[in-house]
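> I am sharing target.pdb, which consists of PDB, C-alpha atoms, pLDDT in the B column:
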ATOM      1  CA  MET A   1      24.457   5.113 -58.220  1.00 54.00           C
ATOM      2  CA  HIS A   2      24.648   2.184 -55.820  1.00 57.00           C
ATOM      3  CA  ARG A   3      27.260   3.987 -53.736  1.00 61.00           C
ATOM      4  CA  ARG A   4      25.080   7.118 -53.602  1.00 60.00           C
ATOM      5  CA  VAL A   5      22.157   5.093 -52.235  1.00 51.00           C
ATOM      6  CA  LEU A   6      24.374   3.571 -49.541  1.00 52.00           C
ATOM      7  CA  LEU A   7      25.649   6.987 -48.502  1.00 53.00           C
ATOM      8  CA  LEU A   8      22.082   8.332 -48.295  1.00 54.00           C
ATOM      9  CA  ALA A   9      20.984   5.394 -46.155  1.00 53.00           C
ATOM     10  CA  PHE A  10      23.959   5.901 -43.834  1.00 49.00           C
ATOM     11  CA  ALA A  11      23.116   9.599 -43.491  1.00 49.00           C
ATOM     12  CA  LEU A  12      19.545   8.755 -42.533  1.00 50.00           C
ATOM     13  CA  LEU A  13      20.787   6.391 -39.808  1.00 48.00           C
ATOM     14  CA  LEU A  14      22.790   9.257 -38.324  1.00 48.00           C
ATOM     15  CA  ILE A  15      19.787  11.574 -38.376  1.00 48.00           C
ATOM     16  CA  VAL A  16      17.035   9.213 -37.163  1.00 46.00           C
ATOM     17  CA  PRO A  17      17.597   7.976 -33.577  1.00 49.00           C
ATOM     18  CA  PRO A  18      16.949   4.370 -32.638  1.00 49.00           C
ATOM     19  CA  ALA A  19      13.437   3.503 -31.458  1.00 45.00           C
ATOM     20  CA  SER A  20      14.578   3.127 -27.838  1.00 44.00           C
ATOM     21  CA  ALA A  21      15.691   6.760 -27.757  1.00 48.00           C
ATOM     22  CA  LEU A  22      12.455   8.160 -29.186  1.00 54.00           C
ATOM     23  CA  ALA A  23       9.858   9.728 -26.944  1.00 66.00           C
ATOM     24  CA  VAL A  24       7.332   6.958 -26.349  1.00 77.00           C
ATOM     25  CA  HIS A  25       4.144   7.461 -24.354  1.00 88.00           C
ATOM     26  CA  TYR A  26       3.922   5.369 -21.203  1.00 92.00           C
ATOM     27  CA  GLY A  27       1.775   2.273 -21.738  1.00 90.00           C
ATOM     28  CA  GLU A  28       2.204   2.141 -25.524  1.00 90.00           C
ATOM     29  CA  ARG A  29       4.632  -0.773 -25.440  1.00 93.00           C
ATOM     30  CA  THR A  30       5.683  -3.629 -23.176  1.00 94.00           C
ATOM     31  CA  LEU A  31       8.736  -2.652 -21.131  1.00 95.00           C
ATOM     32  CA  ARG A  32      11.517  -5.026 -20.147  1.00 94.00           C
ATOM     33  CA  LYS A  33      15.164  -4.996 -19.101  1.00 94.00           C
ATOM     34  CA  GLY A  34      17.488  -3.408 -21.640  1.00 94.00           C
ATOM     35  CA  MET A  35      14.991  -0.859 -22.943  1.00 93.00           C
ATOM     36  CA  SER A  36      15.164   2.897 -22.508  1.00 92.00           C
ATOM     37  CA  GLY A  37      13.092   5.960 -23.224  1.00 90.00           C
ATOM     38  CA  SER A  38      10.714   8.507 -21.768  1.00 91.00           C
ATOM     39  CA  ASP A  39       8.183   5.796 -20.904  1.00 93.00           C
ATOM     40  CA  VAL A  40      10.835   4.048 -18.787  1.00 94.00           C
ATOM     41  CA  ARG A  41      11.333   7.326 -16.928  1.00 91.00           C
ATOM     42  CA  LYS A  42       7.590   7.488 -16.289  1.00 92.00           C
ATOM     43  CA  LEU A  43       7.647   3.885 -15.062  1.00 94.00           C
ATOM     44  CA  GLN A  44      10.442   4.726 -12.616  1.00 92.00           C
ATOM     45  CA  ARG A  45       8.546   7.762 -11.318  1.00 90.00           C
ATOM     46  CA  TYR A  46       5.410   5.679 -10.784  1.00 90.00           C
ATOM     47  CA  LEU A  47       7.377   3.013  -8.892  1.00 89.00           C
ATOM     48  CA  THR A  48       8.711   5.685  -6.561  1.00 84.00           C
ATOM     49  CA  LYS A  49       5.215   7.092  -6.032  1.00 83.00           C
ATOM     50  CA  VAL A  50       3.890   3.717  -4.870  1.00 81.00           C
ATOM     51  CA  GLY A  51       6.711   3.438  -2.351  1.00 77.00           C
ATOM     52  CA  ILE A  52       9.429   1.589  -4.284  1.00 84.00           C
ATOM     53  CA  GLU A  53      12.254   4.113  -4.538  1.00 81.00           C
ATOM     54  CA  THR A  54      13.678   3.975  -8.074  1.00 87.00           C
ATOM     55  CA  ASP A  55      16.313   6.092  -9.821  1.00 88.00           C
ATOM     56  CA  VAL A  56      14.801   8.014 -12.735  1.00 90.00           C
ATOM     57  CA  ASP A  57      17.398   7.606 -15.480  1.00 92.00           C
ATOM     58  CA  GLY A  58      15.299   6.254 -18.343  1.00 91.00           C
ATOM     59  CA  GLN A  59      17.260   2.971 -18.415  1.00 94.00           C
ATOM     60  CA  PHE A  60      15.461  -0.287 -17.661  1.00 95.00           C
ATOM     61  CA  GLY A  61      18.409  -1.895 -15.901  1.00 94.00           C
ATOM     62  CA  PRO A  62      18.698  -4.665 -13.274  1.00 92.00           C
ATOM     63  CA  ARG A  63      17.647  -2.376 -10.394  1.00 91.00           C
ATOM     64  CA  THR A  64      14.509  -1.203 -12.166  1.00 94.00           C
ATOM     65  CA  ALA A  65      13.683  -4.794 -13.112  1.00 93.00           C
ATOM     66  CA  ALA A  66      14.055  -5.875  -9.469  1.00 89.00           C
ATOM     67  CA  ASN A  67      11.797  -3.024  -8.339  1.00 88.00           C
ATOM     68  CA  VAL A  68       9.193  -4.012 -10.927  1.00 92.00           C
ATOM     69  CA  ARG A  69       9.237  -7.557  -9.526  1.00 89.00           C
ATOM     70  CA  ASP A  70       8.788  -6.149  -6.006  1.00 84.00           C
ATOM     71  CA  TRP A  71       5.746  -4.203  -7.191  1.00 86.00           C
ATOM     72  CA  GLU A  72       4.324  -7.196  -9.086  1.00 87.00           C
ATOM     73  CA  GLU A  73       4.593  -9.408  -6.014  1.00 81.00           C
ATOM     74  CA  SER A  74       3.146  -6.751  -3.714  1.00 78.00           C
ATOM     75  CA  VAL A  75      -0.036  -6.402  -5.804  1.00 80.00           C
ATOM     76  CA  GLY A  76      -0.438 -10.065  -6.730  1.00 79.00           C
ATOM     77  CA  ARG A  77       0.486  -9.823 -10.411  1.00 85.00           C
ATOM     78  CA  ARG A  78       2.682 -12.258 -12.338  1.00 86.00           C
ATOM     79  CA  VAL A  79       6.255 -11.741 -11.110  1.00 88.00           C
ATOM     80  CA  ASN A  80       8.507 -11.543 -14.170  1.00 92.00           C
ATOM     81  CA  GLY A  81       9.961  -8.018 -14.209  1.00 93.00           C
ATOM     82  CA  VAL A  82       8.146  -7.223 -17.463  1.00 95.00           C
ATOM     83  CA  VAL A  83       5.665  -4.338 -17.633  1.00 95.00           C
ATOM     84  CA  THR A  84       2.818  -5.150 -20.003  1.00 94.00           C
ATOM     85  CA  ARG A  85       0.225  -2.580 -21.002  1.00 93.00           C
ATOM     86  CA  SER A  86      -2.090  -4.018 -18.353  1.00 93.00           C
ATOM     87  CA  ASP A  87       0.681  -3.718 -15.742  1.00 93.00           C
ATOM     88  CA  ALA A  88       1.322  -0.134 -16.835  1.00 94.00           C
ATOM     89  CA  ARG A  89      -2.322   0.807 -16.286  1.00 92.00           C
ATOM     90  CA  ALA A  90      -2.397  -0.844 -12.857  1.00 90.00           C
ATOM     91  CA  LEU A  91       0.789   0.899 -11.755  1.00 91.00           C
ATOM     92  CA  ARG A  92      -0.502   4.263 -12.990  1.00 90.00           C
ATOM     93  CA  ARG A  93      -3.708   3.778 -10.962  1.00 87.00           C
ATOM     94  CA  GLY A  94      -1.667   2.938  -7.876  1.00 82.00           C
ATOM     95  CA  ALA A  95       0.477   6.037  -8.348  1.00 82.00           C
ATOM     96  CA  ALA A  96      -2.616   8.227  -8.766  1.00 82.00           C
ATOM     97  CA  GLU A  97      -4.093   6.862  -5.543  1.00 76.00           C
ATOM     98  CA  ALA A  98      -0.781   7.437  -3.759  1.00 70.00           C
ATOM     99  CA  ASP A  99      -0.936  11.118  -4.745  1.00 64.00           C
ATOM    100  CA  THR A 100      -4.068  11.516  -2.623  1.00 57.00           C
ATOM    101  CA  THR A 101      -2.499   9.997   0.490  1.00 52.00           C
ATOM    102  CA  GLU A 102      -2.658  12.300   3.477  1.00 49.00           C
ATOM    103  CA  ALA A 103       0.448  13.197   5.482  1.00 49.00           C
ATOM    104  CA  PRO A 104       0.682  10.923   8.538  1.00 53.00           C
ATOM    105  CA  VAL A 105       0.957  12.051  12.123  1.00 54.00           C
ATOM    106  CA  ASP A 106       4.003  10.412  13.659  1.00 61.00           C
ATOM    107  CA  ALA A 107       4.653   9.239  17.210  1.00 62.00           C
ATOM    108  CA  PRO A 108       8.047   8.567  18.826  1.00 68.00           C
ATOM    109  CA  VAL A 109       9.613   5.260  17.803  1.00 67.00           C
ATOM    110  CA  ALA A 110      10.982   2.667  20.205  1.00 68.00           C
ATOM    111  CA  THR A 111      14.634   3.233  21.069  1.00 68.00           C
ATOM    112  CA  GLU A 112      15.402  -0.485  21.419  1.00 86.00           C
ATOM    113  CA  LYS A 113      15.075  -2.445  18.200  1.00 93.00           C
ATOM    114  CA  ALA A 114      14.540  -6.058  17.219  1.00 96.00           C
ATOM    115  CA  THR A 115      17.362  -7.971  15.537  1.00 96.00           C
ATOM    116  CA  LEU A 116      17.599 -10.618  12.831  1.00 96.00           C
ATOM    117  CA  THR A 117      19.064 -14.102  13.195  1.00 95.00           C
ATOM    118  CA  ASP A 118      21.210 -15.695  10.495  1.00 93.00           C
ATOM    119  CA  GLU A 119      18.059 -17.512   9.355  1.00 94.00           C
ATOM    120  CA  GLY A 120      16.241 -14.219   8.808  1.00 95.00           C
ATOM    121  CA  LEU A 121      13.929 -14.483  11.805  1.00 96.00           C
ATOM    122  CA  ALA A 122      13.211 -11.615  14.203  1.00 97.00           C
ATOM    123  CA  VAL A 123      14.263 -11.443  17.839  1.00 97.00           C
ATOM    124  CA  ALA A 124      12.220  -9.052  19.968  1.00 96.00           C
ATOM    125  CA  PRO A 125      14.043  -6.668  22.303  1.00 94.00           C
ATOM    126  CA  ALA A 126      13.642  -7.434  25.997  1.00 92.00           C
ATOM    127  CA  SER A 127      11.862  -4.128  26.584  1.00 92.00           C
ATOM    128  CA  ALA A 128       9.132  -4.831  23.998  1.00 95.00           C
ATOM    129  CA  PRO A 129       5.559  -5.075  25.339  1.00 95.00           C
ATOM    130  CA  PRO A 130       3.974  -8.571  25.317  1.00 96.00           C
ATOM    131  CA  GLU A 131       1.833  -7.688  22.276  1.00 96.00           C
ATOM    132  CA  VAL A 132       4.918  -6.749  20.274  1.00 97.00           C
ATOM    133  CA  GLN A 133       6.674  -9.967  21.259  1.00 97.00           C
ATOM    134  CA  ALA A 134       3.571 -11.907  20.209  1.00 97.00           C
ATOM    135  CA  VAL A 135       3.469 -10.162  16.815  1.00 98.00           C
ATOM    136  CA  ILE A 136       7.126 -11.023  16.218  1.00 98.00           C
ATOM    137  CA  GLU A 137       6.629 -14.625  17.286  1.00 97.00           C
ATOM    138  CA  ALA A 138       3.657 -14.999  14.930  1.00 97.00           C
ATOM    139  CA  GLY A 139       5.542 -13.268  12.126  1.00 98.00           C
ATOM    140  CA  ASN A 140       8.349 -15.802  12.536  1.00 97.00           C
ATOM    141  CA  GLU A 141       5.837 -18.642  12.154  1.00 97.00           C
ATOM    142  CA  ILE A 142       4.941 -17.583   8.601  1.00 97.00           C
ATOM    143  CA  ALA A 143       8.098 -15.666   7.674  1.00 97.00           C
ATOM    144  CA  SER A 144       9.202 -18.271   5.121  1.00 96.00           C
ATOM    145  CA  LYS A 145       5.745 -19.247   3.855  1.00 95.00           C
ATOM    146  CA  PRO A 146       5.255 -18.689   0.105  1.00 93.00           C
ATOM    147  CA  TYR A 147       3.361 -15.742  -1.304  1.00 92.00           C
ATOM    148  CA  LYS A 148      -0.217 -16.748  -2.093  1.00 92.00           C
ATOM    149  CA  TYR A 149      -2.727 -14.252  -3.470  1.00 90.00           C
ATOM    150  CA  GLY A 150      -5.651 -14.137  -1.031  1.00 93.00           C
ATOM    151  CA  GLY A 151      -3.732 -16.276   1.452  1.00 95.00           C
ATOM    152  CA  GLY A 152      -4.645 -15.633   5.087  1.00 96.00           C
ATOM    153  CA  HIS A 153      -8.019 -14.096   4.282  1.00 95.00           C
ATOM    154  CA  GLY A 154     -10.208 -17.196   4.100  1.00 94.00           C
ATOM    155  CA  ARG A 155      -8.574 -18.849   7.096  1.00 94.00           C
ATOM    156  CA  TRP A 156      -5.840 -17.942   9.557  1.00 95.00           C
ATOM    157  CA  ARG A 157      -3.832 -21.127   9.021  1.00 95.00           C
ATOM    158  CA  ASP A 158      -3.020 -21.202   5.324  1.00 96.00           C
ATOM    159  CA  SER A 159      -0.425 -22.673   2.955  1.00 95.00           C
ATOM    160  CA  GLY A 160       0.723 -19.179   1.966  1.00 95.00           C
ATOM    161  CA  TYR A 161      -0.079 -15.535   2.623  1.00 96.00           C
ATOM    162  CA  ASP A 162      -0.331 -12.381   0.587  1.00 94.00           C
ATOM    163  CA  CYS A 163       0.866  -9.003   1.862  1.00 94.00           C
ATOM    164  CA  SER A 164      -2.171  -7.995   3.912  1.00 96.00           C
ATOM    165  CA  GLY A 165      -2.853 -11.595   4.940  1.00 97.00           C
ATOM    166  CA  SER A 166       0.647 -11.791   6.428  1.00 97.00           C
ATOM    167  CA  VAL A 167       0.214  -8.602   8.439  1.00 98.00           C
ATOM    168  CA  SER A 168      -3.277  -9.657   9.518  1.00 97.00           C
ATOM    169  CA  TYR A 169      -2.036 -13.035  10.761  1.00 98.00           C
ATOM    170  CA  ALA A 170       0.693 -11.574  12.951  1.00 98.00           C
ATOM    171  CA  LEU A 171      -1.557  -8.880  14.437  1.00 97.00           C
ATOM    172  CA  HIS A 172      -4.378 -11.353  15.064  1.00 97.00           C
ATOM    173  CA  ALA A 173      -2.038 -13.696  16.950  1.00 96.00           C
ATOM    174  CA  ALA A 174      -1.269 -10.850  19.336  1.00 96.00           C
ATOM    175  CA  GLY A 175      -4.947 -10.035  19.867  1.00 96.00           C
ATOM    176  CA  LEU A 176      -4.681  -6.770  17.921  1.00 97.00           C
ATOM    177  CA  LEU A 177      -6.985  -7.693  15.031  1.00 96.00           C
ATOM    178  CA  ASP A 178     -10.207  -9.696  14.954  1.00 95.00           C
ATOM    179  CA  GLU A 179     -10.701 -10.177  11.196  1.00 95.00           C
ATOM    180  CA  PRO A 180      -8.249 -10.055   8.277  1.00 96.00           C
ATOM    181  CA  LEU A 181      -7.947  -6.731   6.456  1.00 96.00           C
ATOM    182  CA  ASP A 182      -6.933  -6.095   2.879  1.00 94.00           C
ATOM    183  CA  SER A 183      -4.350  -3.432   2.034  1.00 93.00           C
ATOM    184  CA  SER A 184      -7.016  -0.717   1.699  1.00 91.00           C
ATOM    185  CA  GLY A 185      -8.323  -1.683   5.125  1.00 94.00           C
ATOM    186  CA  PHE A 186      -4.892  -1.162   6.625  1.00 95.00           C
ATOM    187  CA  ALA A 187      -4.833   2.252   4.961  1.00 92.00           C
ATOM    188  CA  SER A 188      -8.129   3.389   6.435  1.00 91.00           C
ATOM    189  CA  GLU A 189      -9.568   1.120   9.140  1.00 93.00           C
ATOM    190  CA  PHE A 190      -6.883  -0.346  11.352  1.00 95.00           C
ATOM    191  CA  GLY A 191      -6.033   1.210  14.723  1.00 94.00           C
ATOM    192  CA  GLU A 192      -5.167   4.894  14.921  1.00 93.00           C
ATOM    193  CA  ARG A 193      -3.722   7.253  12.341  1.00 91.00           C
ATOM    194  CA  GLY A 194       0.029   7.882  12.254  1.00 91.00           C
ATOM    195  CA  ARG A 195       3.187   6.029  13.182  1.00 91.00           C
ATOM    196  CA  GLY A 196       3.246   3.977  16.368  1.00 93.00           C
ATOM    197  CA  THR A 197       5.970   3.635  18.975  1.00 94.00           C
ATOM    198  CA  TRP A 198       6.439  -0.105  18.405  1.00 96.00           C
ATOM    199  CA  ILE A 199       4.212  -1.136  15.494  1.00 97.00           C
ATOM    200  CA  THR A 200       3.290   0.795  12.353  1.00 96.00           C
ATOM    201  CA  THR A 201       1.255  -0.600   9.473  1.00 97.00           C
ATOM    202  CA  TYR A 202       1.591   0.846   5.975  1.00 95.00           C
ATOM    203  CA  GLY A 203      -1.265   0.466   3.521  1.00 93.00           C
ATOM    204  CA  ASN A 204      -2.542   1.691   0.179  1.00 89.00           C
ATOM    205  CA  ALA A 205      -4.823   0.279  -2.496  1.00 84.00           C
ATOM    206  CA  GLY A 206      -2.236  -2.220  -3.699  1.00 85.00           C
ATOM    207  CA  HIS A 207       0.050  -3.247  -0.851  1.00 91.00           C
ATOM    208  CA  ALA A 208       0.433  -3.496   2.919  1.00 94.00           C
ATOM    209  CA  TYR A 209       3.357  -4.145   5.219  1.00 96.00           C
ATOM    210  CA  MET A 210       4.385  -3.178   8.746  1.00 97.00           C
ATOM    211  CA  VAL A 211       7.385  -2.179  10.792  1.00 97.00           C
ATOM    212  CA  VAL A 212       7.708  -3.880  14.185  1.00 97.00           C
ATOM    213  CA  ALA A 213      10.369  -2.729  16.639  1.00 96.00           C
ATOM    214  CA  GLY A 214      12.478  -1.392  13.775  1.00 95.00           C
ATOM    215  CA  LEU A 215      12.173  -4.396  11.425  1.00 96.00           C
ATOM    216  CA  ARG A 216      10.103  -4.443   8.234  1.00 95.00           C
ATOM    217  CA  PHE A 217       7.628  -7.316   7.843  1.00 97.00           C
ATOM    218  CA  ASP A 218       6.840  -7.400   4.136  1.00 95.00           C
ATOM    219  CA  THR A 219       6.173 -10.101   1.522  1.00 93.00           C
ATOM    220  CA  SER A 220       8.489  -8.331  -0.927  1.00 88.00           C
ATOM    221  CA  ALA A 221      11.426  -8.828   1.468  1.00 88.00           C
ATOM    222  CA  ARG A 222      11.411 -12.582   0.784  1.00 85.00           C
ATOM    223  CA  ARG A 223      13.266 -12.255  -2.508  1.00 80.00           C
ATOM    224  CA  VAL A 224      16.176 -10.564  -0.699  1.00 81.00           C
ATOM    225  CA  THR A 225      16.308 -12.150   2.759  1.00 82.00           C
ATOM    226  CA  GLY A 226      14.399 -15.387   2.181  1.00 90.00           C
ATOM    227  CA  THR A 227      11.847 -14.385   4.824  1.00 95.00           C
ATOM    228  CA  ARG A 228       9.309 -11.616   5.317  1.00 96.00           C
ATOM    229  CA  TRP A 229      11.618  -9.812   7.762  1.00 97.00           C
ATOM    230  CA  SER A 230      14.167  -7.206   6.747  1.00 94.00           C
ATOM    231  CA  ASP A 231      16.208  -4.554   8.533  1.00 92.00           C
ATOM    232  CA  ARG A 232      16.120  -2.424   5.379  1.00 90.00           C
ATOM    233  CA  MET A 233      13.320   0.096   5.123  1.00 88.00           C
ATOM    234  CA  ARG A 234      11.456   1.064   1.959  1.00 85.00           C
ATOM    235  CA  SER A 235      10.097   4.475   1.065  1.00 81.00           C
ATOM    236  CA  PRO A 236       6.772   5.101   2.866  1.00 84.00           C
ATOM    237  CA  ARG A 237       5.680   7.483   0.130  1.00 80.00           C
ATOM    238  CA  GLY A 238       2.184   6.654  -1.060  1.00 82.00           C
ATOM    239  CA  TYR A 239       1.229   4.725   2.084  1.00 89.00           C
ATOM    240  CA  LYS A 240      -1.017   5.627   4.995  1.00 90.00           C
ATOM    241  CA  ARG A 241       0.512   4.833   8.358  1.00 92.00           C
ATOM    242  CA  ARG A 242      -1.583   3.493  11.222  1.00 94.00           C
ATOM    243  CA  HIS A 243      -0.811   1.793  14.520  1.00 95.00           C
ATOM    244  CA  PRO A 244      -2.470  -0.228  17.307  1.00 95.00           C
ATOM    245  CA  PRO A 245      -3.667   2.064  20.128  1.00 93.00           C
ATOM    246  CA  GLY A 246      -0.934   2.447  22.744  1.00 93.00           C
ATOM    247  CA  LEU A 247       1.728   0.783  20.623  1.00 94.00           C
TER     248      LEU A 247
END
What do you get writing this file as structure tokens?


Amino acid sequence: MHRRVLLLAFALLLIVPPASALAVHYGERTLRKGMSGSDVRKLQRYLTKVGIETDVDGQFGPRTAANVRDWEESVGRRVNGVVTRSDARALRRGAAEADTTEAPVDAPVATEKATLTDEGLAVAPASAPPEVQAVIEAGNEIASKPYKYGGGHGRWRDSGYDCSGSVSYALHAAGLLDEPLDSSGFASEFGERGRGTWITTYGNAGHAYMVVAGLRFDTSARRVTGTRWSDRMRSPRGYKRRHPPGL
């Protein structure tokens, strides 16, 4: 009898899949590295929609965890690579807003690009207009400053800067912005619509960054390069592109 019970239990284990393999609705459970399932696939799709390109394989591996941390930092949430139910709702809202983003009108990009030093600072090309050189110089000033939610919005000189505060600071130093903008402001108010020749800002409801002379200036780059500058681009999907007039 005891043996029969053991055999029945073993048969049930073969029939019933583990919880991680079951179809789980997105937002029903906290997601972290090592988990898998249909809700992880949904998470990966949402990350891609908000501009953080993520492979959709249903496995919450190191790359997905790193992308979650990038998203958390970009929207000012606790950076731990764990997606709580609250995080899941916020990411879903961001993805829904990204779906309504209009297609940008692009301009030619500068043929000569800025370079990075060994310290992760930007060097402007000789052909860059004075405003572009000023943006790069100002970006270098705060490139290694810590991320601070709301930083750069109450005052220009701050102990840290968030995503839109960083972009605002650099543009203001070059005389291209009078008052700080939040990420939504960069999506709808700044400059002219479309990609610029030298400077392009990228904004949506949750994040803002810019590309200056071919380099990305982005708070989320700090975890990789140690500064806000990077020569690696991120997916612009879900962002509205705008640029300073004439640049």

> Using all atoms listed in the file, find the one residue out of A:Arg195, A:Lys113, A:Arg155, A:Arg234 that sits nearest to A:Gly214.

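Going through A:Arg195, A:Lys113, A:Arg155, A:Arg234 one by one, the smallest distance to A:Gly214 is for A:Lys113.
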
> What residues come out when you apply the PyMOL selection byres ((chain A and resi 207) around 10) to this file, written as a PyMOL selection string?

chain A and resi 50-51+71+73-76+94+162-164+182-184+186-187+202-206+208-209+218-220+239

> Report the residues retrieved by the PyMOL selection byres ((chain A and resi 125) around 7) from the displayed file, expressed as a list in words.

Glu112, Lys113, Ala114, Val123, Ala124, Ala126, Ser127 and Ala128 of chain A

> What is the distance between atom CA of A:Glu28 and atom CA of A:Ala98, in Å to one decimal?

22.6 Å

> Could you check how far atom CA of A:Gly191 sits from atom CA of A:Glu141, in Å to one decimal?

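It comes out at 23.3 Å.
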
> In Å to one decimal, how far is atom CA of A:Gly165 from atom CA of A:Gly151?

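It comes out at 5.9 Å.
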
> Could you name the residues that touch A:Leu176 at 12 Å or less, counting only C-alpha atoms, but leaving out those on the same chain fewer than 2 positions away, as a VMD selection string?

chain A and resid 130 to 132 134 to 135 167 to 174 178 to 181 190 to 191 199 243 to 247

> Taking the file as I've supplied it (selection: the PyMOL selection byres ((chain A and resi 55) around 8)), which residues are included? Please answer as a ChimeraX atom specification.

/A:44,53-54,56-57,64

> Have a look at A:Ser235, A:Val24, A:Gly37, A:Tyr147 and name the one nearest to A:Glu72; count all atoms listed in the file.

A:Tyr147

> Quick one: what's the axis-aligned box for stretch 162-180 of chain A, all listed atoms, 5 Å on every side, centre and edges in Å to one decimal, as lines of an AutoDock Vina configuration file?


center_x = -4.9
center_y = -10.2
center_z = 10.2
size_x = 21.6
size_y = 16.9
size_z = 29.3

> Nearest to A:Ala96 among A:Asp39, A:Gly61, A:Val212, A:Tyr46, with distances taken over only C-alpha atoms: which residue is it?

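For A:Ala96, the nearest of the candidates is A:Tyr46.
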
> When distances are computed from only C-alpha atoms, which of A:Arg89, A:Arg241, A:Asp231, A:Arg45 shows the smallest separation from A:Gly196?

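Ranked by minimum distance to A:Gly196, first place goes to A:Arg241.
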
> Nearest to A:Ser144 among A:Arg223, A:Lys49, A:Arg69, A:Arg29, with distances taken over all atoms listed in the file: which residue is it?

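Ranked by minimum distance to A:Ser144, first place goes to A:Arg223.
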
> Calculated over only C-alpha atoms, which of the candidates A:Lys33, A:Arg242, A:Arg78, A:Arg232 has the smallest distance to A:Lys148?

A:Arg78

> Where atoms are absent from stretch 34-52 of chain A, fill them in so it carries N, CA and C atoms, then output it as an mmCIF file, in the frame of the given file.


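Output file out21.cif follows:
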data_model
loop_
_atom_site.group_PDB
_atom_site.id
_atom_site.type_symbol
_atom_site.label_atom_id
_atom_site.label_comp_id
_atom_site.auth_asym_id
_atom_site.auth_seq_id
_atom_site.Cartn_x
_atom_site.Cartn_y
_atom_site.Cartn_z
ATOM 1 N N GLY A 34 16.719 -3.728 -20.458
ATOM 2 C CA GLY A 34 17.488 -3.408 -21.640
ATOM 3 C C GLY A 34 16.901 -2.290 -22.468
ATOM 4 N N MET A 35 15.639 -1.919 -22.187
ATOM 5 C CA MET A 35 14.991 -0.859 -22.943
ATOM 6 C C MET A 35 15.263 0.495 -22.297
ATOM 7 N N SER A 36 14.985 1.546 -23.030
ATOM 8 C CA SER A 36 15.164 2.897 -22.508
ATOM 9 C C SER A 36 14.161 3.812 -23.182
ATOM 10 N N GLY A 37 14.005 5.004 -22.624
ATOM 11 C CA GLY A 37 13.092 5.960 -23.224
ATOM 12 C C GLY A 37 12.325 6.743 -22.195
ATOM 13 N N SER A 38 11.494 7.659 -22.670
ATOM 14 C CA SER A 38 10.714 8.507 -21.768
ATOM 15 C C SER A 38 9.670 7.696 -21.009
ATOM 16 N N ASP A 39 9.163 6.619 -21.616
ATOM 17 C CA ASP A 39 8.183 5.796 -20.904
ATOM 18 C C ASP A 39 8.833 5.017 -19.758
ATOM 19 N N VAL A 40 10.121 4.692 -19.896
ATOM 20 C CA VAL A 40 10.835 4.048 -18.787
ATOM 21 C C VAL A 40 10.992 5.040 -17.636
ATOM 22 N N ARG A 41 11.263 6.295 -17.971
ATOM 23 C CA ARG A 41 11.333 7.326 -16.928
ATOM 24 C C ARG A 41 10.006 7.427 -16.177
ATOM 25 N N LYS A 42 8.914 7.411 -16.929
ATOM 26 C CA LYS A 42 7.590 7.488 -16.289
ATOM 27 C C LYS A 42 7.361 6.276 -15.398
ATOM 28 N N LEU A 43 7.746 5.100 -15.869
ATOM 29 C CA LEU A 43 7.647 3.885 -15.062
ATOM 30 C C LEU A 43 8.398 4.053 -13.753
ATOM 31 N N GLN A 44 9.616 4.558 -13.812
ATOM 32 C CA GLN A 44 10.442 4.726 -12.616
ATOM 33 C C GLN A 44 9.830 5.737 -11.656
ATOM 34 N N ARG A 45 9.217 6.782 -12.190
ATOM 35 C CA ARG A 45 8.546 7.762 -11.318
ATOM 36 C C ARG A 45 7.337 7.134 -10.630
ATOM 37 N N TYR A 46 6.580 6.331 -11.365
ATOM 38 C CA TYR A 46 5.410 5.679 -10.784
ATOM 39 C C TYR A 46 5.818 4.691 -9.695
ATOM 40 N N LEU A 47 6.900 3.946 -9.918
ATOM 41 C CA LEU A 47 7.377 3.013 -8.892
ATOM 42 C C LEU A 47 7.716 3.756 -7.609
ATOM 43 N N THR A 48 8.369 4.887 -7.733
ATOM 44 C CA THR A 48 8.711 5.685 -6.561
ATOM 45 C C THR A 48 7.452 6.179 -5.860
ATOM 46 N N LYS A 49 6.452 6.581 -6.632
ATOM 47 C CA LYS A 49 5.215 7.092 -6.032
ATOM 48 C C LYS A 49 4.485 6.037 -5.215
ATOM 49 N N VAL A 50 4.577 4.768 -5.631
ATOM 50 C CA VAL A 50 3.890 3.717 -4.870
ATOM 51 C C VAL A 50 4.766 3.158 -3.759
ATOM 52 N N GLY A 51 5.909 3.806 -3.503
ATOM 53 C CA GLY A 51 6.711 3.438 -2.351
ATOM 54 C C GLY A 51 7.920 2.583 -2.642
ATOM 55 N N ILE A 52 8.247 2.365 -3.929
ATOM 56 C CA ILE A 52 9.429 1.589 -4.284
ATOM 57 C C ILE A 52 10.427 2.543 -4.916
#
